[in-house]
Amino acid sequence: MKYQYIILILLLFIGCSVQKSHISQNSKIIKAELYKIDFKDSIIIYHIRNEKMDGVFAKERYCKINIKKQKLLRENKIYKFILEQERVDNHVSIVRDVDYYMAGYLIRKAGTPTIYYWNCLNVCGEYIIKEN
């Protein structure tokens with residue numbers, strides 16, 4: 001039993017270090033105003049903007065992990081979001097502009113200037129994870 005706890009703790013540290021390196025390589029930190037929150041059955045759609053862009057992302061409504069340092073997200077407040085955008089192949093000349101859906105709900109309509117972010121790493125449910 002003692003060895004199982006040691007292995008579990010080691011796996012936890014390895015998982016945390018992999019998560020941190022994943023954040024720094026594949027994401028953008030964007031400071032933006034959260035101007036609209038749409039609550040749906042199983043997801044929340046967040047609409048953000050700053051002087052350079054309008055963006056949108058969706059998260060599951062209920063956070064499945066227990067986080068100690070978190071803050072409830074409010075409309076018309078400015079936050080730093082760690083966002084991941086769909087990768088684009090620079091060798092393809094065709095611009096991909098499609099509708100994005102999550103859980104049957106339209107997140108972003110094609111033809112709009114809104115940027116779709118497929119993940120926000122520091123938002124879980126209705127909360128933003130505070131920096132250390």
# chains A, B, ... in the order shown; residues from 1 in each chain; ligands from 1
>>> residues_around(residues="Cys63 (chain A)", least_positions_apart="6", cutoff="10 Å", atoms="only C-alpha atoms", output="MDAnalysis selection string")
chainID A and resid 123:127
>>> residues_around(residues="Arg74 (chain A)", least_positions_apart="2", cutoff="10 Å", atoms="only C-alpha atoms", output="number ranges by chain")
A: 33-37, 71-72, 76-79, 126-128
>>> write_last_selection(atoms="N, CA and C atoms", output="short mmCIF file (atom, residue, chain, number, x, y, z; two decimals), in the first residue's frame")
data_model
loop_
_atom_site.label_atom_id
_atom_site.label_comp_id
_atom_site.auth_asym_id
_atom_site.auth_seq_id
_atom_site.Cartn_x
_atom_site.Cartn_y
_atom_site.Cartn_z
N GLU A 33 -11.67 41.35 -22.24
CA GLU A 33 -12.89 41.53 -21.47
C GLU A 33 -13.85 40.39 -21.76
N LEU A 34 -14.39 39.82 -20.71
CA LEU A 34 -15.43 38.80 -20.85
C LEU A 34 -16.75 39.57 -20.91
N TYR A 35 -17.29 39.77 -22.12
CA TYR A 35 -18.46 40.63 -22.25
C TYR A 35 -19.79 39.89 -22.28
N LYS A 36 -19.76 38.57 -22.49
CA LYS A 36 -21.03 37.84 -22.51
C LYS A 36 -20.78 36.38 -22.13
N ILE A 37 -21.66 35.84 -21.29
CA ILE A 37 -21.62 34.44 -20.90
C ILE A 37 -22.97 33.82 -21.23
N LYS A 71 -11.56 31.69 -9.18
CA LYS A 71 -12.38 32.89 -9.02
C LYS A 71 -13.56 32.79 -9.98
N LEU A 72 -14.74 33.13 -9.50
CA LEU A 72 -15.94 33.08 -10.34
C LEU A 72 -15.84 34.13 -11.44
N ASN A 76 -18.26 41.63 -18.15
CA ASN A 76 -17.72 42.99 -18.16
C ASN A 76 -16.51 43.17 -17.25
N LYS A 77 -15.75 42.12 -17.07
CA LYS A 77 -14.49 42.16 -16.33
C LYS A 77 -13.37 41.72 -17.27
N ILE A 78 -12.15 42.16 -16.99
CA ILE A 78 -11.00 41.81 -17.81
C ILE A 78 -10.21 40.71 -17.11
N TYR A 79 -9.87 39.67 -17.88
CA TYR A 79 -9.12 38.52 -17.37
C TYR A 79 -8.00 38.18 -18.34
N GLU A 126 -17.42 27.50 -14.37
CA GLU A 126 -17.71 28.93 -14.25
C GLU A 126 -16.55 29.70 -13.62
N TYR A 127 -15.41 29.06 -13.46
CA TYR A 127 -14.31 29.65 -12.70
C TYR A 127 -13.05 29.80 -13.55
N ILE A 128 -12.26 30.82 -13.20
CA ILE A 128 -10.94 31.00 -13.79
C ILE A 128 -9.94 30.62 -12.71
#
>>> residues_around(residues="Glu84 (chain A)", least_positions_apart="5", cutoff="8 Å", atoms="only C-alpha atoms", output="NGL selection string")
:A and (26-28 or 117-121)
>>> closest_residue(among="A:Lys130, A:Arg49, A:Lys31, A:Lys80", to="Lys68 (chain A)", atoms="only C-alpha atoms")
A:Lys130
>>> residues_around(residues="region 103-107 of chain A", least_positions_apart="3", cutoff="9 Å", atoms="only C-alpha atoms", output="list of chain:residue names")
A:Lys40, A:Asp41, A:Ser42, A:Ile43, A:Ile45, A:Val56, A:Phe57, A:Ala58, A:Asp99, A:Tyr100, A:Tyr116
>>> write_last_selection(atoms="N, CA and C atoms", output="CSV table (one decimal), in the first residue's frame")
chain,number,residue,atom,x,y,z
A,40,LYS,N,-25.8,27.1,-21.2
A,40,LYS,CA,-26.6,26.1,-21.9
A,40,LYS,C,-26.7,24.9,-20.9
A,41,ASP,N,-27.3,23.9,-21.4
A,41,ASP,CA,-27.5,22.7,-20.5
A,41,ASP,C,-26.2,22.1,-20.0
A,42,SER,N,-25.3,21.8,-20.8
A,42,SER,CA,-24.1,21.2,-20.4
A,42,SER,C,-22.8,22.0,-20.7
A,43,ILE,N,-22.9,23.1,-21.3
A,43,ILE,CA,-21.7,23.9,-21.6
A,43,ILE,C,-22.0,25.4,-21.3
A,45,ILE,N,-20.8,29.2,-22.9
A,45,ILE,CA,-20.1,29.8,-24.0
A,45,ILE,C,-19.6,31.2,-23.6
A,56,VAL,N,-14.3,33.7,-29.0
A,56,VAL,CA,-15.3,32.8,-28.3
A,56,VAL,C,-14.7,31.5,-28.0
A,57,PHE,N,-15.1,30.9,-26.9
A,57,PHE,CA,-14.7,29.6,-26.6
A,57,PHE,C,-15.8,29.0,-25.6
A,58,ALA,N,-15.9,27.7,-25.6
A,58,ALA,CA,-16.9,27.0,-24.7
A,58,ALA,C,-16.2,26.0,-23.8
A,99,ASP,N,-18.8,26.7,-39.4
A,99,ASP,CA,-19.5,26.8,-38.2
A,99,ASP,C,-18.9,25.9,-37.1
A,100,TYR,N,-18.8,26.3,-35.9
A,100,TYR,CA,-18.3,25.5,-34.8
A,100,TYR,C,-19.4,25.2,-33.8
A,116,TYR,N,-12.5,31.6,-33.1
A,116,TYR,CA,-12.9,30.5,-32.3
A,116,TYR,C,-11.7,29.9,-31.6
